[in-house]
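J.: Take a look at final-v7.cif, mmCIF, C-alpha atoms:
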data_start
loop_
_atom_site.label_atom_id
_atom_site.label_comp_id
_atom_site.auth_asym_id
_atom_site.auth_seq_id
_atom_site.Cartn_x
_atom_site.Cartn_y
_atom_site.Cartn_z
CA MET L 1 -32.72 -8.54 24.43
CA SER L 2 -29.92 -9.70 22.17
CA LEU L 3 -27.18 -7.74 20.50
CA HIS L 4 -26.43 -8.63 16.87
CA ILE L 5 -22.70 -8.35 16.21
CA ARG L 6 -21.22 -8.49 12.71
CA VAL L 7 -17.42 -8.62 12.48
CA LEU L 8 -16.21 -8.39 8.91
CA GLY L 9 -13.72 -11.10 8.06
CA CYS L 10 -14.91 -13.50 10.75
CA LEU L 11 -17.10 -16.53 10.16
CA PRO L 12 -19.78 -17.93 12.51
CA VAL L 13 -18.91 -21.40 13.78
CA SER L 14 -21.63 -23.37 15.66
CA GLY L 15 -23.35 -20.20 16.77
CA ARG L 16 -20.13 -18.61 17.91
CA LEU L 17 -17.83 -16.16 16.18
CA ARG L 18 -14.50 -17.45 14.96
CA SER L 19 -12.28 -14.45 15.70
CA ASP L 20 -8.79 -13.74 14.50
CA PRO L 21 -6.51 -16.65 15.50
CA LEU L 22 -4.42 -14.20 17.52
CA ASN L 23 -7.44 -13.93 19.86
CA LEU L 24 -7.40 -10.16 19.85
CA THR L 25 -10.12 -8.44 21.87
CA TRP L 26 -12.16 -5.99 19.82
CA VAL L 27 -14.15 -3.12 21.34
CA ILE L 28 -17.70 -3.23 19.94
CA PRO L 29 -19.19 0.20 19.21
CA PRO L 30 -22.70 1.06 20.48
CA GLN L 31 -24.28 0.33 17.11
CA GLY L 32 -23.11 -3.26 17.41
CA GLU L 33 -21.00 -3.39 14.24
CA LEU L 34 -17.23 -3.37 13.85
CA SER L 35 -15.26 -3.21 10.63
CA PHE L 36 -11.57 -3.59 11.42
CA MET L 37 -10.77 -3.09 7.73
CA THR L 38 -11.76 0.56 8.06
CA ALA L 39 -11.43 1.19 11.78
CA ILE L 40 -7.84 0.01 12.12
CA PRO L 41 -5.40 1.09 9.40
CA HIS L 42 -2.90 -1.62 10.27
CA PRO L 43 -4.63 -4.71 11.68
CA PRO L 44 -2.07 -6.50 13.87
CA THR L 45 -2.75 -9.92 12.40
CA GLY L 46 0.79 -11.18 11.82
CA LYS L 47 -0.61 -12.63 8.61
CA THR L 48 0.33 -12.45 4.93
CA ALA L 49 -2.23 -12.69 2.13
CA ILE L 50 -0.89 -13.77 -1.26
CA VAL L 51 -2.90 -13.03 -4.40
CA GLY L 52 -2.02 -15.68 -6.97
CA GLY L 53 -1.48 -19.41 -6.56
CA GLY L 54 1.08 -20.21 -9.24
CA VAL L 55 4.50 -21.60 -8.37
CA ILE L 56 5.70 -18.14 -7.30
CA GLY L 57 2.83 -17.55 -4.87
CA LEU L 58 2.90 -21.14 -3.61
CA ALA L 59 6.66 -21.11 -3.02
CA ILE L 60 6.53 -17.79 -1.18
CA GLY L 61 3.64 -19.08 0.93
CA TRP L 62 5.53 -22.26 1.74
CA ARG L 63 8.64 -20.37 2.82
CA LEU L 64 6.59 -18.06 5.04
CA ALA L 65 4.54 -20.86 6.56
CA GLU L 66 7.56 -23.01 7.36
CA ALA L 67 9.09 -19.96 9.08
CA GLY L 68 6.03 -19.74 11.33
CA ARG L 69 4.26 -16.92 9.53
CA ARG L 70 0.51 -17.22 9.01
CA ALA L 71 0.03 -17.25 5.25
CA GLU L 72 -3.06 -17.54 3.07
CA ILE L 73 -3.02 -17.86 -0.72
CA PHE L 74 -5.95 -16.75 -2.86
CA GLU L 75 -6.26 -18.15 -6.37
CA ARG L 76 -9.04 -17.15 -8.76
CA GLY L 77 -9.14 -20.67 -10.25
CA ILE L 78 -7.18 -23.84 -9.57
CA ALA L 79 -3.78 -23.17 -8.03
CA GLY L 80 -0.86 -23.73 -10.38
CA HIS L 81 -2.99 -24.14 -13.51
CA GLY L 82 -2.00 -20.90 -15.24
CA ALA L 83 1.47 -20.14 -16.58
CA SER L 84 2.94 -22.63 -14.09
CA TRP L 85 0.99 -25.49 -15.69
CA ALA L 86 1.69 -24.35 -19.24
CA ALA L 87 5.46 -24.03 -18.77
CA ALA L 88 8.14 -26.48 -19.90
CA GLY L 89 10.10 -26.44 -16.63
CA MET L 90 13.47 -25.55 -18.15
CA LEU L 91 16.21 -24.24 -15.87
CA ALA L 92 18.15 -22.68 -18.73
CA ALA L 93 20.03 -19.63 -17.47
CA GLY L 94 22.95 -20.27 -19.81
CA SER L 95 21.12 -21.46 -22.91
CA GLU L 96 18.68 -18.55 -22.94
CA VAL L 97 21.12 -15.76 -22.13
CA GLU L 98 20.94 -12.76 -24.44
CA PRO L 99 23.13 -9.67 -24.90
CA GLY L 100 22.31 -6.84 -22.49
CA GLU L 101 20.87 -9.14 -19.83
CA GLY L 102 23.88 -9.18 -17.53
CA ALA L 103 21.99 -8.15 -14.39
CA LEU L 104 19.14 -10.56 -15.09
CA PHE L 105 21.59 -13.36 -15.83
CA GLY L 106 23.11 -12.88 -12.37
CA LEU L 107 19.71 -13.43 -10.75
CA LEU L 108 18.95 -16.40 -13.02
CA LYS L 109 22.29 -18.02 -12.28
CA HIS L 110 21.80 -17.50 -8.55
CA SER L 111 18.38 -19.13 -8.63
CA GLN L 112 19.69 -21.97 -10.78
CA SER L 113 22.30 -22.72 -8.11
CA LEU L 114 19.53 -22.98 -5.51
CA TRP L 115 17.52 -25.58 -7.40
CA PRO L 116 19.21 -28.81 -6.22
CA GLY L 117 18.78 -27.89 -2.55
CA PHE L 118 15.32 -26.47 -3.16
CA ALA L 119 14.15 -29.65 -4.91
CA ALA L 120 15.55 -31.86 -2.15
CA GLU L 121 13.98 -29.77 0.61
CA LEU L 122 10.65 -29.69 -1.20
CA ALA L 123 10.71 -33.48 -1.66
CA GLU L 124 11.29 -33.92 2.07
CA ALA L 125 8.52 -31.47 2.96
CA SER L 126 5.95 -32.82 0.51
CA GLY L 127 6.96 -36.42 -0.12
CA ILE L 128 6.91 -35.66 -3.86
CA ASP L 129 9.87 -35.91 -6.25
CA VAL L 130 9.72 -32.98 -8.68
CA GLU L 131 11.86 -34.84 -11.23
CA LEU L 132 14.85 -32.53 -11.40
CA ARG L 133 16.84 -33.90 -14.37
CA THR L 134 20.50 -33.01 -14.81
CA GLU L 135 21.48 -34.27 -18.28
CA GLY L 136 22.12 -30.69 -19.42
CA THR L 137 20.86 -28.80 -22.46
CA ILE L 138 21.98 -29.05 -26.08
CA SER L 139 21.52 -26.21 -28.58
CA ILE L 140 21.97 -27.00 -32.27
CA ALA L 141 22.48 -25.18 -35.57
CA LEU L 142 20.95 -26.54 -38.77
CA SER L 143 22.35 -24.03 -41.28
CA GLN L 144 25.37 -21.79 -41.66
CA ASP L 145 23.32 -18.79 -40.52
CA ASP L 146 22.24 -20.76 -37.45
CA LEU L 147 25.86 -21.67 -36.85
CA GLY L 148 26.93 -18.03 -36.85
CA ARG L 149 24.28 -17.15 -34.26
CA LEU L 150 25.19 -20.16 -32.14
CA ARG L 151 28.85 -19.13 -32.13
CA GLN L 152 27.81 -15.68 -30.92
CA THR L 153 25.83 -17.32 -28.11
CA TYR L 154 28.83 -19.45 -27.20
CA ALA L 155 31.07 -16.36 -27.06
CA LEU L 156 28.59 -14.61 -24.75
CA GLN L 157 28.37 -17.69 -22.55
CA GLN L 158 32.12 -17.83 -22.22
CA GLN L 159 32.21 -14.14 -21.34
CA LEU L 160 29.66 -14.69 -18.56
CA GLY L 161 31.27 -17.83 -17.23
CA VAL L 162 28.63 -20.30 -18.41
CA ALA L 163 29.90 -23.88 -18.38
CA SER L 164 29.24 -24.69 -22.03
CA ARG L 165 31.16 -26.85 -24.48
CA TRP L 166 31.24 -26.81 -28.27
CA LEU L 167 30.30 -30.18 -29.79
CA SER L 168 31.33 -31.56 -33.15
CA ARG L 169 28.64 -33.18 -35.27
CA ALA L 170 29.86 -36.62 -34.21
CA GLU L 171 29.83 -35.66 -30.53
CA ALA L 172 26.32 -34.23 -30.80
CA LEU L 173 25.07 -37.45 -32.42
CA GLU L 174 26.80 -39.47 -29.75
CA HIS L 175 24.80 -37.60 -27.12
CA GLU L 176 21.54 -37.71 -29.12
CA PRO L 177 21.62 -40.34 -31.92
CA TYR L 178 18.24 -39.34 -33.39
CA LEU L 179 19.28 -35.77 -34.22
CA ASN L 180 19.32 -34.67 -37.84
CA PRO L 181 22.72 -35.99 -39.06
CA ARG L 182 23.16 -32.89 -41.23
CA LEU L 183 23.28 -30.51 -38.26
CA ALA L 184 25.93 -27.81 -38.58
CA GLY L 185 27.05 -27.57 -34.94
CA ALA L 186 25.98 -27.87 -31.31
CA LEU L 187 26.55 -26.56 -27.80
CA LEU L 188 26.21 -28.49 -24.56
CA VAL L 189 25.44 -26.43 -21.45
CA HIS L 190 26.18 -28.71 -18.52
CA GLY L 191 24.34 -26.73 -15.84
CA ASP L 192 21.04 -26.09 -17.66
CA HIS L 193 18.54 -28.68 -16.47
CA GLN L 194 14.78 -29.20 -16.17
CA VAL L 195 12.09 -29.93 -13.60
CA GLU L 196 8.58 -31.31 -14.06
CA ASN L 197 6.61 -28.13 -13.48
CA ARG L 198 3.21 -29.76 -13.06
CA ILE L 199 4.57 -32.07 -10.36
CA LEU L 200 6.27 -29.01 -8.86
CA VAL L 201 2.83 -27.44 -8.46
CA ALA L 202 1.54 -30.49 -6.59
CA ALA L 203 4.61 -30.59 -4.35
CA LEU L 204 4.35 -26.92 -3.43
CA LYS L 205 0.64 -27.20 -2.64
CA THR L 206 1.32 -30.15 -0.36
CA ALA L 207 4.31 -28.56 1.36
CA PHE L 208 2.40 -25.32 1.91
CA ALA L 209 -0.54 -27.14 3.48
CA ARG L 210 1.70 -29.30 5.68
CA ALA L 211 3.48 -26.17 6.94
CA GLY L 212 0.16 -24.75 8.07
CA GLY L 213 -0.69 -22.51 5.12
CA LEU L 214 -4.26 -22.02 3.93
CA LEU L 215 -5.06 -22.13 0.21
CA HIS L 216 -8.27 -20.62 -1.18
CA GLU L 217 -8.91 -21.96 -4.70
CA ASP L 218 -11.73 -20.87 -7.02
CA ALA L 219 -11.79 -17.60 -5.08
CA GLY L 220 -12.83 -15.55 -8.13
CA ASP L 221 -11.77 -11.93 -8.16
CA VAL L 222 -9.59 -11.15 -5.15
CA THR L 223 -9.56 -7.48 -4.15
CA VAL L 224 -6.62 -5.81 -2.44
CA ARG L 225 -7.78 -3.71 0.51
CA THR L 226 -5.88 -0.56 1.43
CA VAL L 227 -6.48 2.12 4.04
CA ARG L 228 -4.45 5.34 4.30
CA ASN L 229 -1.79 4.12 1.88
CA ARG L 230 -1.38 0.81 3.69
CA ALA L 231 -2.40 -2.70 2.63
CA VAL L 232 -4.74 -4.18 5.24
CA GLY L 233 -5.84 -7.42 3.61
CA VAL L 234 -7.90 -8.79 0.75
CA ALA L 235 -11.53 -9.52 0.01
CA ALA L 236 -12.82 -12.60 -1.81
CA GLY L 237 -16.29 -14.07 -2.17
CA GLY L 238 -17.81 -11.32 -0.04
CA ILE L 239 -15.50 -12.07 2.89
CA GLU L 240 -12.79 -9.77 4.22
CA TYR L 241 -9.44 -11.33 5.14
CA PRO L 242 -7.23 -8.99 7.20
CA ALA L 243 -3.47 -9.13 6.74
CA ASP L 244 -0.61 -6.79 7.52
CA THR L 245 1.22 -7.81 4.35
CA VAL L 246 -0.28 -8.42 0.92
CA ILE L 247 1.77 -9.98 -1.86
CA VAL L 248 0.48 -9.80 -5.41
CA ALA L 249 1.86 -12.70 -7.45
CA ALA L 250 -0.85 -12.96 -10.08
CA GLY L 251 1.41 -13.30 -13.12
CA ALA L 252 0.05 -11.82 -16.34
CA TRP L 253 -3.17 -10.88 -14.54
CA THR L 254 -1.42 -8.68 -11.95
CA PRO L 255 -2.45 -5.29 -13.41
CA ASP L 256 -6.08 -6.45 -13.39
CA VAL L 257 -6.20 -7.34 -9.68
CA PRO L 258 -9.06 -5.26 -8.20
CA GLY L 259 -8.04 -2.70 -5.61
CA LEU L 260 -4.39 -2.60 -6.67
CA PRO L 261 -3.46 1.09 -6.42
CA THR L 262 -2.86 2.65 -9.83
CA ALA L 263 0.59 3.88 -8.82
CA ASP L 264 1.55 0.32 -7.85
CA SER L 265 0.20 -1.37 -10.97
CA PRO L 266 3.22 -2.91 -12.76
CA PRO L 267 3.82 -2.78 -16.53
CA VAL L 268 3.05 -6.47 -17.01
CA ARG L 269 1.32 -7.95 -20.05
CA PRO L 270 0.39 -11.46 -21.24
CA VAL L 271 2.80 -12.97 -23.78
CA LYS L 272 0.97 -15.85 -25.41
CA GLY L 273 2.72 -19.15 -25.99
CA GLN L 274 1.37 -22.21 -27.81
CA MET L 275 2.80 -25.64 -27.01
CA LEU L 276 2.13 -29.32 -27.65
CA ALA L 277 3.23 -32.70 -26.37
CA LEU L 278 4.05 -35.90 -28.25
CA LYS L 279 4.28 -39.41 -26.81
CA MET L 280 7.59 -41.32 -26.87
CA ASP L 281 8.26 -44.80 -25.54
CA PRO L 282 9.46 -44.12 -21.97
CA ALA L 283 11.74 -47.16 -22.18
CA ALA L 284 13.30 -46.03 -25.46
CA PRO L 285 12.96 -42.21 -25.78
CA ILE L 286 14.27 -40.56 -28.95
CA LEU L 287 15.56 -37.60 -26.89
CA THR L 288 17.08 -37.40 -23.40
CA HIS L 289 18.52 -33.86 -23.19
CA VAL L 290 16.57 -30.63 -23.36
CA LEU L 291 17.09 -29.53 -26.97
CA TRP L 292 17.11 -25.99 -28.33
CA THR L 293 16.64 -25.67 -32.09
CA PRO L 294 16.73 -22.38 -34.03
CA LYS L 295 12.95 -21.91 -33.69
CA ALA L 296 11.71 -24.28 -30.98
CA TYR L 297 12.73 -26.23 -27.91
CA LEU L 298 12.04 -29.86 -27.03
CA VAL L 299 11.81 -31.17 -23.46
CA PRO L 300 11.67 -34.93 -22.76
CA ARG L 301 9.81 -36.18 -19.68
CA ARG L 302 10.27 -39.39 -17.73
CA ASP L 303 6.73 -40.51 -18.54
CA GLY L 304 7.52 -40.42 -22.27
CA ARG L 305 5.99 -37.07 -23.15
CA LEU L 306 8.02 -34.83 -25.41
CA LEU L 307 7.10 -31.16 -25.01
CA ILE L 308 7.55 -28.83 -27.98
CA GLY L 309 7.35 -25.08 -27.49
CA ALA L 310 6.75 -22.34 -27.68
CA THR L 311 5.41 -19.50 -29.78
CA THR L 312 5.83 -15.90 -28.60
CA GLU L 313 2.80 -13.80 -29.46
CA GLU L 314 1.55 -10.37 -28.42
CA ARG L 315 -2.16 -11.19 -28.59
CA GLY L 316 -3.41 -10.46 -25.11
CA PHE L 317 -5.36 -13.25 -23.45
CA ASP L 318 -6.19 -15.03 -26.69
CA THR L 319 -6.63 -18.73 -25.84
CA SER L 320 -6.91 -20.04 -29.40
CA LEU L 321 -4.60 -22.73 -30.74
CA THR L 322 -3.74 -21.87 -34.32
CA ALA L 323 -2.75 -23.97 -37.31
CA GLY L 324 0.16 -21.62 -37.95
CA GLY L 325 1.44 -21.94 -34.41
CA MET L 326 1.27 -25.73 -34.39
CA LEU L 327 2.80 -25.96 -37.88
CA SER L 328 5.71 -23.74 -36.91
CA LEU L 329 6.51 -25.77 -33.80
CA LEU L 330 6.18 -29.16 -35.46
CA GLU L 331 8.21 -28.19 -38.52
CA SER L 332 11.01 -26.72 -36.39
CA ALA L 333 11.09 -29.79 -34.18
CA TRP L 334 10.96 -32.19 -37.15
CA ARG L 335 13.93 -30.51 -38.84
CA ALA L 336 16.00 -31.16 -35.73
CA LEU L 337 14.57 -34.55 -34.76
CA PRO L 338 13.00 -36.22 -37.83
CA GLY L 339 11.78 -39.23 -35.86
CA ILE L 340 8.98 -37.24 -34.25
CA GLU L 341 6.80 -37.76 -37.33
CA GLU L 342 5.94 -41.23 -36.00
CA LEU L 343 4.88 -39.96 -32.57
CA ALA L 344 1.30 -39.34 -31.46
CA ILE L 345 0.15 -35.89 -30.38
CA VAL L 346 -1.26 -36.22 -26.88
CA GLU L 347 -1.86 -32.62 -25.80
CA SER L 348 -1.75 -29.01 -26.96
CA TRP L 349 -2.28 -25.86 -24.93
CA VAL L 350 -1.84 -22.11 -24.55
CA GLY L 351 -0.13 -20.26 -21.71
CA PHE L 352 0.43 -16.62 -20.85
CA ARG L 353 3.88 -15.52 -19.70
CA PRO L 354 3.85 -12.43 -17.48
CA GLY L 355 6.11 -10.15 -19.52
CA SER L 356 7.35 -6.86 -18.10
CA ARG L 357 8.58 -3.87 -20.08
CA ASP L 358 12.19 -5.06 -19.87
CA ASP L 359 11.40 -8.80 -19.66
CA ALA L 360 12.78 -8.95 -16.11
CA PRO L 361 10.79 -9.73 -12.95
CA ILE L 362 9.26 -7.10 -10.71
CA LEU L 363 10.06 -7.96 -7.10
CA GLY L 364 9.78 -6.02 -3.87
CA THR L 365 7.97 -3.21 -2.12
CA THR L 366 5.67 -0.61 -3.64
CA GLY L 367 4.53 2.89 -2.73
CA THR L 368 1.82 1.34 -0.54
CA LYS L 369 3.04 0.12 2.84
CA GLY L 370 2.70 -3.60 3.29
CA LEU L 371 2.08 -4.22 -0.42
CA ILE L 372 4.66 -6.34 -2.24
CA LEU L 373 4.91 -7.42 -5.88
CA ALA L 374 6.30 -10.72 -7.18
CA THR L 375 5.45 -10.81 -10.87
CA GLY L 376 6.77 -10.23 -14.40
CA HIS L 377 8.92 -13.38 -14.55
CA HIS L 378 8.23 -13.79 -18.29
CA ARG L 379 9.82 -17.08 -19.47
CA ASN L 380 11.78 -17.63 -16.25
CA GLY L 381 9.08 -18.28 -13.66
CA ILE L 382 10.06 -21.86 -12.89
CA LEU L 383 13.78 -21.08 -12.90
CA LEU L 384 13.34 -18.09 -10.57
CA THR L 385 11.02 -19.81 -8.10
CA PRO L 386 13.64 -20.56 -5.40
CA ALA L 387 15.30 -17.14 -5.49
CA THR L 388 11.99 -15.29 -5.58
CA ALA L 389 10.55 -17.28 -2.69
CA ASP L 390 13.62 -16.77 -0.50
CA ALA L 391 13.94 -13.05 -1.24
CA ILE L 392 10.26 -12.19 -0.80
CA ALA L 393 9.99 -14.26 2.37
CA ARG L 394 13.03 -12.45 3.75
CA LEU L 395 11.42 -9.12 2.89
CA VAL L 396 8.23 -10.04 4.74
CA LEU L 397 9.93 -11.56 7.77
CA THR L 398 12.73 -9.03 8.30
CA GLY L 399 11.88 -5.99 6.18
CA GLU L 400 15.20 -6.39 4.38
CA THR L 401 15.54 -6.40 0.60
CA ASP L 402 17.80 -9.22 -0.51
CA PRO L 403 20.68 -7.85 -2.63
CA THR L 404 19.83 -10.35 -5.38
CA ILE L 405 16.54 -8.55 -6.14
CA ALA L 406 17.57 -5.00 -5.28
CA GLY L 407 17.62 -3.90 -8.91
CA PHE L 408 14.31 -5.49 -9.85
CA GLY L 409 11.80 -3.32 -8.03
CA LEU L 410 8.87 -1.42 -9.50
CA ALA L 411 10.67 1.90 -8.97
CA ARG L 412 13.03 1.21 -11.88
CA PHE L 413 10.25 1.95 -14.34
CA ALA L 414 9.45 5.31 -12.76
CA GLN L 415 13.11 6.28 -13.06
CA GLU L 416 13.14 5.06 -16.66
CA ASP L 417 10.05 7.15 -17.46
CA LEU L 418 11.59 10.21 -15.81
CA THR L 419 14.78 9.83 -17.86
CA ARG L 420 12.75 9.43 -21.04
CA LYS L 421 10.71 12.54 -20.22
CA LYS L 422 13.82 14.63 -19.57
CA THR L 423 15.32 13.46 -22.85
CA TRP L 424 12.14 14.37 -24.72
CA ILE L 425 11.99 17.85 -23.13
CA SER L 426 15.66 18.59 -23.85
CA ALA L 427 15.21 17.54 -27.47
#
Kindly transcribe the structure held in the file into structure tokens.

T.:
Amino acid sequence: MSLHIRVLGCLPVSGRLRSDPLNLTWVIPPQGELSFMTAIPHPPTGKTAIVGGGVIGLAIGWRLAEAGRRAEIFERGIAGHGASWAAAGMLAAGSEVEPGEGALFGLLKHSQSLWPGFAAELAEASGIDVELRTEGTISIALSQDDLGRLRQTYALQQQLGVASRWLSRAEALEHEPYLNPRLAGALLVHGDHQVENRILVAALKTAFARAGGLLHEDAGDVTVRTVRNRAVGVAAGGIEYPADTVIVAAGAWTPDVPGLPTADSPPVRPVKGQMLALKMDPAAPILTHVLWTPKAYLVPRRDGRLLIGATTEERGFDTSLTAGGMLSLLESAWRALPGIEELAIVESWVGFRPGSRDDAPILGTTGTKGLILATGHHRNGILLTPATADAIARLVLTGETDPTIAGFGLARFAQEDLTRKKTWISA
């Protein structure tokens, strides 16, 4: 007589059961079936499951794995081929600063300061150079109206301590000789750099694997499992994966993750962006700095590609490339850098930024124990990768919320809604 035992979340290997790597002993009930996902509210796995394999999820996983934590990442498609792949890789805390974003700027500046060390450490761990370029970023004005707005940006930068310098027309052309000679003014932000985001994806995947992490790609829908207001793991492809911490880092798709409790679903939406790439001569590029124009940005790569982006559209998950979008980008770039008209178009694509209600990231714990969010990075996902990875890893490993992310939790929206409700009632 044989007893058939089915343990959810374990896979048969050569006729034997591959149990949890912690080698825990499970008591089998008389009926011969055990489901630890329902029988044990908090499975003592010492493991973290991460839903989402973009740069945020990969970097968090790498940090946890290198600290000795068992970490598994679950990606519905190919890891790093969503917003991380579509990005331009700009590290532009100063160039992109806007009025009213003081708190966010502090986080951006902090993460920007981490990038040199992060890139070096990642190169050592993966053997891959992520092409961190430090020429700086130039913003230009092409009309008197543009000039007025650029002067306002410069004043804000000076107020916030951004290391920027006003350039005369001659100085701007000295830095970038192929710029439109009729430009009205320019700013150079010394500390705003760039990284090759697609190579960053490859480096993070390699570093994560070398540290002992496990990546599940093409996992399809990944369901968050909760029991008694506690996250207990995820399910993917009909298999249960127990974990005592679940991190949802699914970008613009975060609210659609199955099993995510309604109360913990963040106000994140897709913000569509169209981009394209031209081909320069790598030995004689017509642009070397990241360039911000009034209506587009241009990012030169070492391999000769020149990225031009990006539109900002509230169209949900619409993947269509439009004539209007391409025309707008090319015209804006051509006005700043006329020489692009001779360059070949080599690629065009659409990406979806994970935009939150206040365009700031959503980082930290939720109302469900063991469930953590790392999403809503909008246009700053690449820039915020080091700070997010460090802070979320610290939260998992020690239970402490890093002061740098203390103001960016999900709870801020509940407080905002309460204030709005009180204002409405009093009116």

J.: Box in all listed atoms of segment 78-92 of chain L, axis-aligned, with 4 Å more on each side; write out centre and edge lengths in Å to one decimal as lines of an AutoDock Vina configuration file.

T.:
center_x = 5.5
center_y = -23.3
center_z = -14.0
size_x = 33.3
size_y = 14.3
size_z = 19.9

J.: Can you translate the PyMOL selection byres ((chain L and resi 261) around 10) into the concrete residues it hits in this file, as a list in words?

T.: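 Residues picked by the PyMOL selection byres ((chain L and resi 261) around 10): Val224, Arg225, Thr226, Asn229, Ala231, Pro255, Val257, Pro258, Gly259, Leu260, Thr262, Ala263, Asp264, Ser265, Thr366, Gly367, Thr368 and Leu371 of chain L.
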
J.: Here's the selection I'm unsure about, the PyMOL selection byres ((chain L and resi 62) around 10); applied to the file above, which residues does it give, as number ranges by chain?

T.: L: 56-61, 63-69, 71-73, 122, 125, 204-213, 389, 393

J.: Quick check on the file I pasted: which residues fall under the PyMOL selection byres ((chain L and resi 312-320) around 9)? Write them as number ranges by chain.

T.: L: 269-274, 310-311, 321-322, 349-352

J.: Write a file of the just-selected residues containing C-alpha atoms, as a CSV table (one decimal), in the frame of the given file.

T.:
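Contents of result01.csv, as written:
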chain,number,residue,atom,x,y,z
L,269,ARG,CA,1.3,-8.0,-20.0
L,270,PRO,CA,0.4,-11.5,-21.2
L,271,VAL,CA,2.8,-13.0,-23.8
L,272,LYS,CA,1.0,-15.8,-25.4
L,273,GLY,CA,2.7,-19.2,-26.0
L,274,GLN,CA,1.4,-22.2,-27.8
L,310,ALA,CA,6.8,-22.3,-27.7
L,311,THR,CA,5.4,-19.5,-29.8
L,321,LEU,CA,-4.6,-22.7,-30.7
L,322,THR,CA,-3.7,-21.9,-34.3
L,349,TRP,CA,-2.3,-25.9,-24.9
L,350,VAL,CA,-1.8,-22.1,-24.6
L,351,GLY,CA,-0.1,-20.3,-21.7
L,352,PHE,CA,0.4,-16.6,-20.8

J.: Between L:Leu150, L:Val246, L:Met275, L:Val290, single out the one closest to Gly309 of chain L, counting all atoms listed in the file.

T.: L:Met275

J.: Residues of segment 60-140 of chain L that have any atom at most 9 Å from an atom of segment 157-177 of chain L: could you tabulate them with the shortest-distance atom pair and the distance in Å to one decimal, using only C-alpha atoms, ordered by chain and increasing number, as a tab-separated table?

T.:
residue	atom	partner	partner_atom	distance
L:Ala93	CA	L:Val162	CA	8.7
L:Gly94	CA	L:Val162	CA	5.9
L:Ser95	CA	L:Gln157	CA	8.2
L:Val97	CA	L:Gln157	CA	7.5
L:Gly102	CA	L:Leu160	CA	8.1
L:Phe105	CA	L:Leu160	CA	8.6
L:Ile138	CA	L:Ala172	CA	8.2
L:Ile140	CA	L:Ala172	CA	8.6

J.: At what distance in Å, to one decimal, does atom CA of Val55 of chain L lie from atom CA of Pro386 of chain L?

T.: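 We find that atom CA of Pro386 of chain L and atom CA of Val55 of chain L lie 9.7 Å from each other.
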
J.: Which is closest to Glu101 of chain L among L:Leu132, L:Ala360, L:Val51, L:Leu287, if we use only C-alpha atoms?

T.: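 Looking at the shortest contact to Glu101 of chain L, the residue is L:Ala360.
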
J.: Suppose you want the space between atom CA of Ile345 of chain L and atom CA of Ala141 of chain L; what is it in Å?

T.: 25.3 Å

J.: Could you tell me, as number ranges by chain, which residues have any atom at most 9 Å from (21.3, -27.0, -20.1), counting only C-alpha atoms?

T.: L: 90-95, 134-139, 164, 188-194, 289-291

J.: Give the answer as one residue: which of L:Ser84, L:Thr398, L:Thr245, L:Ser126 has the shortest atom-to-atom distance to Arg230 of chain L, using only C-alpha atoms?

T.: L:Thr245

J.: Do you have the atom CA of Glu347 of chain L-atom CA of Gly82 of chain L distance handy?

T.: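 The value is 15.8 Å.
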